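Shown here: coords-v9.pdb, PDB, C-alpha atoms and all ligand atoms.
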ATOM      1  CA  MET I   1       0.000   0.000   0.000  1.00  0.00           C
ATOM      2  CA  LYS I   2       1.385   3.426  -0.969  1.00  0.00           C
ATOM      3  CA  ILE I   3       0.997   6.054   1.746  1.00  0.00           C
ATOM      4  CA  GLY I   4       1.136   9.769   0.962  1.00  0.00           C
ATOM      5  CA  VAL I   5       1.599  12.781   3.206  1.00  0.00           C
ATOM      6  CA  LEU I   6      -0.432  15.847   2.258  1.00  0.00           C
ATOM      7  CA  ALA I   7       2.395  18.313   1.706  1.00  0.00           C
ATOM      8  CA  LEU I   8       0.734  21.722   1.531  1.00  0.00           C
ATOM      9  CA  GLN I   9       1.722  23.089   4.950  1.00  0.00           C
ATOM     10  CA  GLY I  10       2.727  21.889   8.419  1.00  0.00           C
ATOM     11  CA  ASP I  11       4.657  18.908   9.807  1.00  0.00           C
ATOM     12  CA  VAL I  12       5.134  17.183   6.460  1.00  0.00           C
ATOM     13  CA  ARG I  13       8.749  16.017   6.793  1.00  0.00           C
ATOM     14  CA  GLU I  14       8.254  14.849  10.359  1.00  0.00           C
ATOM     15  CA  HIS I  15       5.363  12.573   9.321  1.00  0.00           C
ATOM     16  CA  ALA I  16       7.331  11.264   6.335  1.00  0.00           C
ATOM     17  CA  ARG I  17      10.232  10.472   8.704  1.00  0.00           C
ATOM     18  CA  SER I  18       7.964   8.702  11.216  1.00  0.00           C
ATOM     19  CA  LEU I  19       6.501   6.587   8.397  1.00  0.00           C
ATOM     20  CA  SER I  20       9.968   5.820   7.095  1.00  0.00           C
ATOM     21  CA  ASP I  21      10.955   4.690  10.625  1.00  0.00           C
ATOM     22  CA  CYS I  22       8.009   2.259  10.346  1.00  0.00           C
ATOM     23  CA  GLY I  23       9.492   0.913   7.079  1.00  0.00           C
ATOM     24  CA  VAL I  24       7.135   2.867   4.790  1.00  0.00           C
ATOM     25  CA  SER I  25       8.475   5.123   2.078  1.00  0.00           C
ATOM     26  CA  ALA I  26       5.859   7.868   1.961  1.00  0.00           C
ATOM     27  CA  SER I  27       5.335  10.105  -1.024  1.00  0.00           C
ATOM     28  CA  LEU I  28       4.442  13.779  -0.810  1.00  0.00           C
ATOM     29  CA  VAL I  29       1.051  14.814  -2.174  1.00  0.00           C
ATOM     30  CA  ARG I  30       0.605  18.300  -3.597  1.00  0.00           C
ATOM     31  CA  ARG I  31      -1.377  17.677  -6.760  1.00  0.00           C
ATOM     32  CA  ALA I  32      -4.302  15.577  -7.908  1.00  0.00           C
ATOM     33  CA  SER I  33      -2.025  13.283  -9.962  1.00  0.00           C
ATOM     34  CA  GLU I  34       0.041  12.565  -6.815  1.00  0.00           C
ATOM     35  CA  LEU I  35      -3.120  11.844  -4.811  1.00  0.00           C
ATOM     36  CA  GLU I  36      -4.210   9.337  -7.454  1.00  0.00           C
ATOM     37  CA  ARG I  37      -0.982   7.386  -6.948  1.00  0.00           C
ATOM     38  CA  VAL I  38      -1.464   6.807  -3.199  1.00  0.00           C
ATOM     39  CA  ASP I  39      -3.734   4.346  -1.389  1.00  0.00           C
ATOM     40  CA  ALA I  40      -3.661   6.075   2.012  1.00  0.00           C
ATOM     41  CA  LEU I  41      -3.037   9.607   3.259  1.00  0.00           C
ATOM     42  CA  VAL I  42      -1.620  11.373   6.320  1.00  0.00           C
ATOM     43  CA  ILE I  43      -2.860  14.914   6.914  1.00  0.00           C
ATOM     44  CA  PRO I  44      -0.292  16.673   9.110  1.00  0.00           C
ATOM     45  CA  GLY I  45      -0.650  19.222  11.871  1.00  0.00           C
ATOM     46  CA  GLY I  46      -0.206  22.840  10.917  1.00  0.00           C
ATOM     47  CA  GLU I  47      -3.031  25.296  10.379  1.00  0.00           C
ATOM     48  CA  SER I  48      -6.317  23.779   9.268  1.00  0.00           C
ATOM     49  CA  THR I  49      -7.598  26.956   7.611  1.00  0.00           C
ATOM     50  CA  THR I  50      -4.411  27.314   5.548  1.00  0.00           C
ATOM     51  CA  ILE I  51      -4.298  23.642   4.535  1.00  0.00           C
ATOM     52  CA  ALA I  52      -7.955  23.798   3.426  1.00  0.00           C
ATOM     53  CA  LYS I  53      -7.360  26.951   1.376  1.00  0.00           C
ATOM     54  CA  LEU I  54      -4.219  25.527  -0.230  1.00  0.00           C
ATOM     55  CA  ALA I  55      -6.063  22.284  -1.037  1.00  0.00           C
ATOM     56  CA  ARG I  56      -8.623  24.395  -2.905  1.00  0.00           C
ATOM     57  CA  THR I  57      -5.904  26.399  -4.668  1.00  0.00           C
ATOM     58  CA  PHE I  58      -4.056  23.241  -5.736  1.00  0.00           C
ATOM     59  CA  GLY I  59      -7.306  21.662  -6.983  1.00  0.00           C
ATOM     60  CA  LEU I  60      -7.119  18.828  -4.453  1.00  0.00           C
ATOM     61  CA  PHE I  61      -9.911  19.623  -2.040  1.00  0.00           C
ATOM     62  CA  ASP I  62     -12.829  17.747  -3.617  1.00  0.00           C
ATOM     63  CA  ASP I  63     -10.673  14.765  -4.620  1.00  0.00           C
ATOM     64  CA  ILE I  64      -9.347  14.321  -1.069  1.00  0.00           C
ATOM     65  CA  SER I  65     -12.828  14.671   0.361  1.00  0.00           C
ATOM     66  CA  ALA I  66     -14.220  12.069  -2.055  1.00  0.00           C
ATOM     67  CA  ARG I  67     -11.351   9.611  -1.495  1.00  0.00           C
ATOM     68  CA  ILE I  68     -11.806   9.790   2.293  1.00  0.00           C
ATOM     69  CA  LYS I  69     -15.527   9.115   1.941  1.00  0.00           C
ATOM     70  CA  ASN I  70     -14.755   6.205  -0.403  1.00  0.00           C
ATOM     71  CA  GLY I  71     -12.707   4.481   2.283  1.00  0.00           C
ATOM     72  CA  MET I  72      -9.117   5.639   1.685  1.00  0.00           C
ATOM     73  CA  PRO I  73      -7.254   4.996   4.973  1.00  0.00           C
ATOM     74  CA  THR I  74      -6.526   8.453   6.348  1.00  0.00           C
ATOM     75  CA  TYR I  75      -4.742   9.679   9.454  1.00  0.00           C
ATOM     76  CA  GLY I  76      -5.125  13.302  10.575  1.00  0.00           C
ATOM     77  CA  SER I  77      -3.005  14.815  13.344  1.00  0.00           C
ATOM     78  CA  CYS I  78      -4.104  18.055  15.082  1.00  0.00           C
ATOM     79  CA  ALA I  79      -5.009  20.365  12.151  1.00  0.00           C
ATOM     80  CA  GLY I  80      -5.452  17.083  10.255  1.00  0.00           C
ATOM     81  CA  MET I  81      -8.040  15.969  12.816  1.00  0.00           C
ATOM     82  CA  ILE I  82      -9.927  19.244  12.306  1.00  0.00           C
ATOM     83  CA  LEU I  83      -9.835  18.723   8.535  1.00  0.00           C
ATOM     84  CA  LEU I  84     -11.365  15.253   8.903  1.00  0.00           C
ATOM     85  CA  ALA I  85     -14.173  16.325  11.240  1.00  0.00           C
ATOM     86  CA  ASN I  86     -17.696  16.719   9.928  1.00  0.00           C
ATOM     87  CA  GLN I  87     -18.302  19.638  12.328  1.00  0.00           C
ATOM     88  CA  VAL I  88     -15.939  22.243  13.772  1.00  0.00           C
ATOM     89  CA  LEU I  89     -16.606  24.590  16.681  1.00  0.00           C
ATOM     90  CA  ASP I  90     -14.646  27.869  16.916  1.00  0.00           C
ATOM     91  CA  ALA I  91     -13.945  27.666  13.199  1.00  0.00           C
ATOM     92  CA  ILE I  92     -13.257  30.828  11.234  1.00  0.00           C
ATOM     93  CA  VAL I  93     -16.107  32.061   9.051  1.00  0.00           C
ATOM     94  CA  GLY I  94     -16.388  29.868   5.961  1.00  0.00           C
ATOM     95  CA  GLN I  95     -13.819  27.312   7.171  1.00  0.00           C
ATOM     96  CA  GLU I  96     -14.103  24.097   5.162  1.00  0.00           C
ATOM     97  CA  THR I  97     -13.163  20.548   6.114  1.00  0.00           C
ATOM     98  CA  PHE I  98     -12.699  17.430   3.997  1.00  0.00           C
ATOM     99  CA  GLY I  99     -15.012  15.675   6.459  1.00  0.00           C
ATOM    100  CA  GLY I 100     -15.808  11.972   6.698  1.00  0.00           C
ATOM    101  CA  LEU I 101     -15.212  11.590  10.442  1.00  0.00           C
ATOM    102  CA  ASP I 102     -18.492  11.755  12.332  1.00  0.00           C
ATOM    103  CA  VAL I 103     -17.285  13.987  15.178  1.00  0.00           C
ATOM    104  CA  THR I 104     -17.544  17.568  16.320  1.00  0.00           C
ATOM    105  CA  VAL I 105     -14.152  19.034  17.234  1.00  0.00           C
ATOM    106  CA  ARG I 106     -13.376  22.290  18.989  1.00  0.00           C
ATOM    107  CA  ARG I 107     -10.418  24.171  17.514  1.00  0.00           C
ATOM    108  CA  ASN I 108      -7.752  25.491  19.896  1.00  0.00           C
ATOM    109  CA  ALA I 109      -9.738  23.821  22.700  1.00  0.00           C
ATOM    110  CA  PHE I 110      -6.812  23.519  25.129  1.00  0.00           C
ATOM    111  CA  GLY I 111      -5.899  27.191  24.700  1.00  0.00           C
ATOM    112  CA  ARG I 112      -3.354  29.219  22.762  1.00  0.00           C
ATOM    113  CA  GLN I 113       0.192  28.425  21.631  1.00  0.00           C
ATOM    114  CA  VAL I 114       1.537  29.275  25.137  1.00  0.00           C
ATOM    115  CA  ASP I 115      -0.836  26.699  26.632  1.00  0.00           C
ATOM    116  CA  SER I 116       0.809  23.891  24.649  1.00  0.00           C
ATOM    117  CA  PHE I 117       1.589  20.887  26.847  1.00  0.00           C
ATOM    118  CA  GLU I 118       2.700  17.260  26.920  1.00  0.00           C
ATOM    119  CA  SER I 119       0.912  14.367  28.553  1.00  0.00           C
ATOM    120  CA  ASP I 120       1.328  10.592  28.936  1.00  0.00           C
ATOM    121  CA  LEU I 121      -1.697   8.850  27.446  1.00  0.00           C
ATOM    122  CA  THR I 122      -3.181   5.414  27.719  1.00  0.00           C
ATOM    123  CA  PHE I 123      -4.028   4.507  24.152  1.00  0.00           C
ATOM    124  CA  ASP I 124      -6.470   1.704  23.438  1.00  0.00           C
ATOM    125  CA  GLY I 125      -4.848  -0.748  21.024  1.00  0.00           C
ATOM    126  CA  ILE I 126      -1.269   0.306  21.752  1.00  0.00           C
ATOM    127  CA  SER I 127       0.933  -1.523  24.273  1.00  0.00           C
ATOM    128  CA  GLU I 128       0.864  -0.807  27.979  1.00  0.00           C
ATOM    129  CA  ILE I 129       3.664   1.798  27.898  1.00  0.00           C
ATOM    130  CA  PRO I 130       1.920   5.214  27.791  1.00  0.00           C
ATOM    131  CA  VAL I 131       2.193   7.364  24.685  1.00  0.00           C
ATOM    132  CA  ARG I 132       3.873  10.748  25.231  1.00  0.00           C
ATOM    133  CA  ALA I 133       1.585  13.208  23.468  1.00  0.00           C
ATOM    134  CA  VAL I 134       2.471  16.769  22.438  1.00  0.00           C
ATOM    135  CA  PHE I 135      -0.481  19.174  22.216  1.00  0.00           C
ATOM    136  CA  ILE I 136       0.072  22.446  20.300  1.00  0.00           C
ATOM    137  CA  ARG I 137      -3.027  24.664  19.977  1.00  0.00           C
ATOM    138  CA  ALA I 138      -4.787  21.352  19.802  1.00  0.00           C
ATOM    139  CA  PRO I 139      -8.441  20.564  19.211  1.00  0.00           C
ATOM    140  CA  TRP I 140     -10.417  18.138  21.309  1.00  0.00           C
ATOM    141  CA  VAL I 141     -13.356  16.047  20.253  1.00  0.00           C
ATOM    142  CA  GLU I 142     -16.569  17.337  21.716  1.00  0.00           C
ATOM    143  CA  ASN I 143     -19.090  14.856  20.286  1.00  0.00           C
ATOM    144  CA  VAL I 144     -18.710  11.501  18.599  1.00  0.00           C
ATOM    145  CA  GLY I 145     -21.181   9.733  16.308  1.00  0.00           C
ATOM    146  CA  ILE I 146     -22.176   6.115  16.854  1.00  0.00           C
ATOM    147  CA  GLY I 147     -19.597   4.612  14.496  1.00  0.00           C
ATOM    148  CA  VAL I 148     -16.666   6.356  16.194  1.00  0.00           C
ATOM    149  CA  THR I 149     -14.374   4.658  18.734  1.00  0.00           C
ATOM    150  CA  VAL I 150     -12.512   6.784  21.290  1.00  0.00           C
ATOM    151  CA  LEU I 151      -8.917   5.506  21.679  1.00  0.00           C
ATOM    152  CA  ALA I 152      -7.475   8.054  24.136  1.00  0.00           C
ATOM    153  CA  GLN I 153      -8.656  10.929  26.314  1.00  0.00           C
ATOM    154  CA  VAL I 154      -7.174  13.900  28.173  1.00  0.00           C
ATOM    155  CA  GLN I 155      -9.038  15.773  30.895  1.00  0.00           C
ATOM    156  CA  GLY I 156     -12.151  13.801  29.961  1.00  0.00           C
ATOM    157  CA  HIS I 157     -12.000  14.806  26.294  1.00  0.00           C
ATOM    158  CA  PRO I 158     -11.362  12.368  23.436  1.00  0.00           C
ATOM    159  CA  VAL I 159      -8.028  13.130  21.731  1.00  0.00           C
ATOM    160  CA  ALA I 160      -7.697  10.015  19.559  1.00  0.00           C
ATOM    161  CA  VAL I 161     -10.583   8.529  17.588  1.00  0.00           C
ATOM    162  CA  ARG I 162     -11.187   6.046  14.835  1.00  0.00           C
ATOM    163  CA  GLN I 163     -14.089   5.434  12.492  1.00  0.00           C
ATOM    164  CA  GLY I 164     -13.208   2.508  10.224  1.00  0.00           C
ATOM    165  CA  SER I 165     -10.533   3.715   7.820  1.00  0.00           C
ATOM    166  CA  ILE I 166     -10.373   7.209   9.351  1.00  0.00           C
ATOM    167  CA  PHE I 167      -8.048   7.790  12.309  1.00  0.00           C
ATOM    168  CA  ALA I 168      -7.301  11.093  14.052  1.00  0.00           C
ATOM    169  CA  THR I 169      -5.287  12.403  16.995  1.00  0.00           C
ATOM    170  CA  SER I 170      -5.321  15.883  18.562  1.00  0.00           C
ATOM    171  CA  PHE I 171      -1.622  15.532  19.302  1.00  0.00           C
ATOM    172  CA  HIS I 172       1.617  15.303  17.295  1.00  0.00           C
ATOM    173  CA  PRO I 173       3.245  11.843  17.463  1.00  0.00           C
ATOM    174  CA  GLU I 174       5.644  12.873  14.673  1.00  0.00           C
ATOM    175  CA  LEU I 175       7.507  15.094  17.156  1.00  0.00           C
ATOM    176  CA  THR I 176       8.450  12.556  19.830  1.00  0.00           C
ATOM    177  CA  GLY I 177      10.380   9.840  17.981  1.00  0.00           C
ATOM    178  CA  ASP I 178       7.867   7.269  19.306  1.00  0.00           C
ATOM    179  CA  ASN I 179       6.466   5.690  16.147  1.00  0.00           C
ATOM    180  CA  ARG I 180       3.740   3.567  17.715  1.00  0.00           C
ATOM    181  CA  ILE I 181       0.920   5.846  16.519  1.00  0.00           C
ATOM    182  CA  HIS I 182       2.180   5.737  12.920  1.00  0.00           C
ATOM    183  CA  LYS I 183       2.661   1.982  13.274  1.00  0.00           C
ATOM    184  CA  TYR I 184      -0.946   1.721  14.475  1.00  0.00           C
ATOM    185  CA  PHE I 185      -2.047   3.587  11.333  1.00  0.00           C
ATOM    186  CA  VAL I 186       0.078   1.410   9.031  1.00  0.00           C
ATOM    187  CA  ASP I 187      -0.534  -1.952  10.718  1.00  0.00           C
ATOM    188  CA  SER I 188      -4.093  -1.584  11.893  1.00  0.00           C
ATOM    189  CA  VAL I 189      -5.964   1.081   9.895  1.00  0.00           C
ATOM    190  CA  CYS I 190      -4.296   0.511   6.502  1.00  0.00           C
ATOM    191  CA  GLN I 191      -4.125  -3.286   6.866  1.00  0.00           C
ATOM    192  CA  GLN I 192      -7.795  -3.522   7.795  1.00  0.00           C
ATOM    193  CA  ALA I 193      -8.680  -1.581   4.658  1.00  0.00           C
ATOM    194  CA  ILE I 194      -6.738  -4.162   2.575  1.00  0.00           C
ATOM    195  CA  VAL I 195      -8.557  -7.088   4.217  1.00  0.00           C
ATOM    196  CA  GLN I 196     -12.001  -5.591   3.564  1.00  0.00           C
TER     197      GLN I 196
HETATM  198  N1  LIG I 201      -5.050  25.212  15.902  1.00  0.00           N
HETATM  199  C1  LIG I 201      -4.600  24.757  14.634  1.00  0.00           C
HETATM  200  C2  LIG I 201      -5.724  24.777  13.597  1.00  0.00           C
HETATM  201  O1  LIG I 201      -6.781  25.174  13.830  1.00  0.00           O
HETATM  202  C3  LIG I 201      -4.034  23.342  14.722  1.00  0.00           C
HETATM  203  C4  LIG I 201      -2.718  23.347  15.445  1.00  0.00           C
HETATM  204  C5  LIG I 201      -1.808  22.242  15.080  1.00  0.00           C
HETATM  205  O2  LIG I 201      -1.998  21.516  14.104  1.00  0.00           O
HETATM  206  N2  LIG I 201      -0.767  22.118  15.856  1.00  0.00           N
HETATM  207  O3  LIG I 201      -5.524  24.356  12.527  1.00  0.00           O
END

Just give me the structure as structure tokens.
Amino acid sequence: MKIGVLALQGDVREHARSLSDCGVSASLVRRASELERVDALVIPGGESTTIAKLARTFGLFDDISARIKNGMPTYGSCAGMILLANQVLDAIVGQETFGGLDVTVRRNAFGRQVDSFESDLTFDGISEIPVRAVFIRAPWVENVGIGVTVLAQVQGHPVAVRQGSIFATSFHPELTGDNRIHKYFVDSVCQQAIVQ
């Protein structure tokens, strides 16, 4: 399975490196032709409003949205989680998302850049050693639809969720050198899509 990293803005290289540490050579996706060549996509953290606007400018927005809804395994981190959510609270006027993930997220829910923090999380489906999670102007999930599984929480708020082939975290695993979250995406989310 070929995995791409949406390379319009944000933590692109860091995600590509984490995937490469999992034995996956990821390709960068900036145009529709590059999207066509991948079977799965990582949407990095960065700024959700900027990534959405650039996806429109590069003519990728509708294709990404359609692929996600057609079952392409997709992992969104932080801004990527916002871009996957069907509903966003505290969005800017006219903010668009690719959608597909039946959740409502709140942007910048944990506060501003200065309120960024790290936390050790218990993550359902990942071994007993806690996952060190970095939150940078992170969203949290405020409501989940019936098909959505919550995999990790902080302060009572879901920060990792999965709905079939769509996986999202509020935090940035690409910054810690711990590749278990990327491995979960590759081994569990992408593999399950192959089996189906
Ligand atoms: N707050 C940012 C947004 O709305 C996300 C921050 C991040 O990805 N680190 O897009």

Next on the checklist: From the options I:Ile82, I:Cys190, I:Leu8, I:Val24, which residue's atoms come nearest to I:Trp140, counting only C-alpha atoms?
Outcome noted: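 Closest residue, counting only C-alpha atoms: I:Ile82.
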
Checklist entry - Just so the selection is clear, what residues does the PyMOL selection byres (((chain I and resi 114) around 12) and not hetatm) cover here, as a list in words? => result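 Output of the PyMOL selection byres (((chain I and resi 114) around 12) and not hetatm): Asn108, Phe110, Gly111, Arg112, Gln113, Asp115, Ser116, Phe117, Phe135, Ile136, Arg137 and Ala138 of chain I.
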
Can I get the residues of chain I within 8 Å of ligand LIG 201 (chain I), each with the closest pair of atoms and their distance in Å to one decimal, using all atoms listed in the file, sorted chain first then ascending number, as CSV?
residue,atom,partner,partner_atom,distance
I:Gly10,CA,I:LIG201,O2,7.4
I:Pro44,CA,I:LIG201,O2,7.2
I:Gly45,CA,I:LIG201,O2,3.5
I:Gly46,CA,I:LIG201,O2,3.9
I:Glu47,CA,I:LIG201,O3,3.4
I:Ser48,CA,I:LIG201,O3,3.4
I:Thr49,CA,I:LIG201,O3,5.9
I:Thr50,CA,I:LIG201,O3,7.7
I:Ser77,CA,I:LIG201,O2,6.8
I:Cys78,CA,I:LIG201,O2,4.2
I:Ala79,CA,I:LIG201,O2,3.8
I:Gly80,CA,I:LIG201,O2,6.8
I:Ile82,CA,I:LIG201,O3,6.8
I:Ala91,CA,I:LIG201,O1,7.6
I:Arg107,CA,I:LIG201,O1,5.3
I:Asn108,CA,I:LIG201,N1,4.8
I:Phe135,CA,I:LIG201,N2,7.0
I:Ile136,CA,I:LIG201,N2,4.5
I:Arg137,CA,I:LIG201,N1,4.6
I:Ala138,CA,I:LIG201,C4,5.2
I:Pro139,CA,I:LIG201,N1,6.6
I:Ser170,CA,I:LIG201,O2,7.9
I:Phe171,CA,I:LIG201,N2,7.5
I:His172,CA,I:LIG201,N2,7.4

Next on the checklist: For I:Thr149, find every residue with an atom within 7 Å (counting all atoms listed in the file), except residues of its own chain fewer than 5 positions away, and show them as a VMD selection string.
Outcome noted: chain I and resid 161 to 163

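Proximity to I:Asp124 was assessed for I:Ile51, I:Ile43, I:Ala160, I:Leu151 counting all atoms listed in the file; the smallest distance is recorded for I:Leu151.
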
Checklist entry - Excluding same-chain residues fewer than 6 positions from I:Lys53, what lies within 12 Å of it counting only C-alpha atoms, as a PyMOL selection string? => result chain I and resi 8-9+47+59-62+83+94-98

Next on the checklist: Just to confirm, what's the straight-line distance from atom CA of I:Gly164 to atom CA of I:Val189 in Å (one decimal)?
Outcome noted: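 Atom-to-atom, atom CA of I:Gly164 to atom CA of I:Val189, that is 7.4 Å.
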
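Closest approach to I:Glu174 among I:Arg37, I:Arg31, I:Arg56, I:Arg132 is made by I:Arg132 (distances from all atoms listed in the file).
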
Item to check | Gap from atom CA of I:Asp90 to atom CA of I:Asn70 - Å, one decimal | outcome: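 Separation between atom CA of I:Asp90 and atom CA of I:Asn70: 27.7 Å.
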
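Minimum distance to I:Val150 across I:Ala40, I:Ala32, I:Val186, I:Val103 (counting all atoms listed in the file) occurs at I:Val103.
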
Checklist entry - atom CA of I:Gly76 and atom CA of I:Asn143, how far apart in Å? => result 17.1 Å

Checklist entry - Which one is closest to I:Ile68: I:Val5, I:Val93, I:Val105, I:Ile166? Count only C-alpha atoms. => result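 Counting only C-alpha atoms, the residue closest to I:Ile68 is I:Ile166.
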
Checklist entry - Nearest to I:Thr57 among I:Arg30, I:Val42, I:Asn86, I:Gly125, with distances taken over all atoms listed in the file: which residue is it? => result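 Closest candidate: I:Arg30.
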
Checklist entry - So which residues are close to (6.3, 10.5, 10.5), meaning at most 12 Å away in the file's coordinates with all atoms listed in the file counted, and can you show them as a PyMOL selection string? => result chain I and resi 3-6+11-28+41-45+75-77+172-183+185-186

Go ahead and save the picked residues with C-alpha atoms, as a short mmCIF file (atom, residue, chain, number, x, y, z; two decimals), in the frame of the given file.
data_model
loop_
_atom_site.label_atom_id
_atom_site.label_comp_id
_atom_site.auth_asym_id
_atom_site.auth_seq_id
_atom_site.Cartn_x
_atom_site.Cartn_y
_atom_site.Cartn_z
CA ILE I 3 1.00 6.05 1.75
CA GLY I 4 1.14 9.77 0.96
CA VAL I 5 1.60 12.78 3.21
CA LEU I 6 -0.43 15.85 2.26
CA ASP I 11 4.66 18.91 9.81
CA VAL I 12 5.13 17.18 6.46
CA ARG I 13 8.75 16.02 6.79
CA GLU I 14 8.25 14.85 10.36
CA HIS I 15 5.36 12.57 9.32
CA ALA I 16 7.33 11.26 6.34
CA ARG I 17 10.23 10.47 8.70
CA SER I 18 7.96 8.70 11.22
CA LEU I 19 6.50 6.59 8.40
CA SER I 20 9.97 5.82 7.10
CA ASP I 21 10.96 4.69 10.62
CA CYS I 22 8.01 2.26 10.35
CA GLY I 23 9.49 0.91 7.08
CA VAL I 24 7.14 2.87 4.79
CA SER I 25 8.48 5.12 2.08
CA ALA I 26 5.86 7.87 1.96
CA SER I 27 5.34 10.10 -1.02
CA LEU I 28 4.44 13.78 -0.81
CA LEU I 41 -3.04 9.61 3.26
CA VAL I 42 -1.62 11.37 6.32
CA ILE I 43 -2.86 14.91 6.91
CA PRO I 44 -0.29 16.67 9.11
CA GLY I 45 -0.65 19.22 11.87
CA TYR I 75 -4.74 9.68 9.45
CA GLY I 76 -5.12 13.30 10.58
CA SER I 77 -3.00 14.82 13.34
CA HIS I 172 1.62 15.30 17.30
CA PRO I 173 3.24 11.84 17.46
CA GLU I 174 5.64 12.87 14.67
CA LEU I 175 7.51 15.09 17.16
CA THR I 176 8.45 12.56 19.83
CA GLY I 177 10.38 9.84 17.98
CA ASP I 178 7.87 7.27 19.31
CA ASN I 179 6.47 5.69 16.15
CA ARG I 180 3.74 3.57 17.72
CA ILE I 181 0.92 5.85 16.52
CA HIS I 182 2.18 5.74 12.92
CA LYS I 183 2.66 1.98 13.27
CA PHE I 185 -2.05 3.59 11.33
CA VAL I 186 0.08 1.41 9.03
#
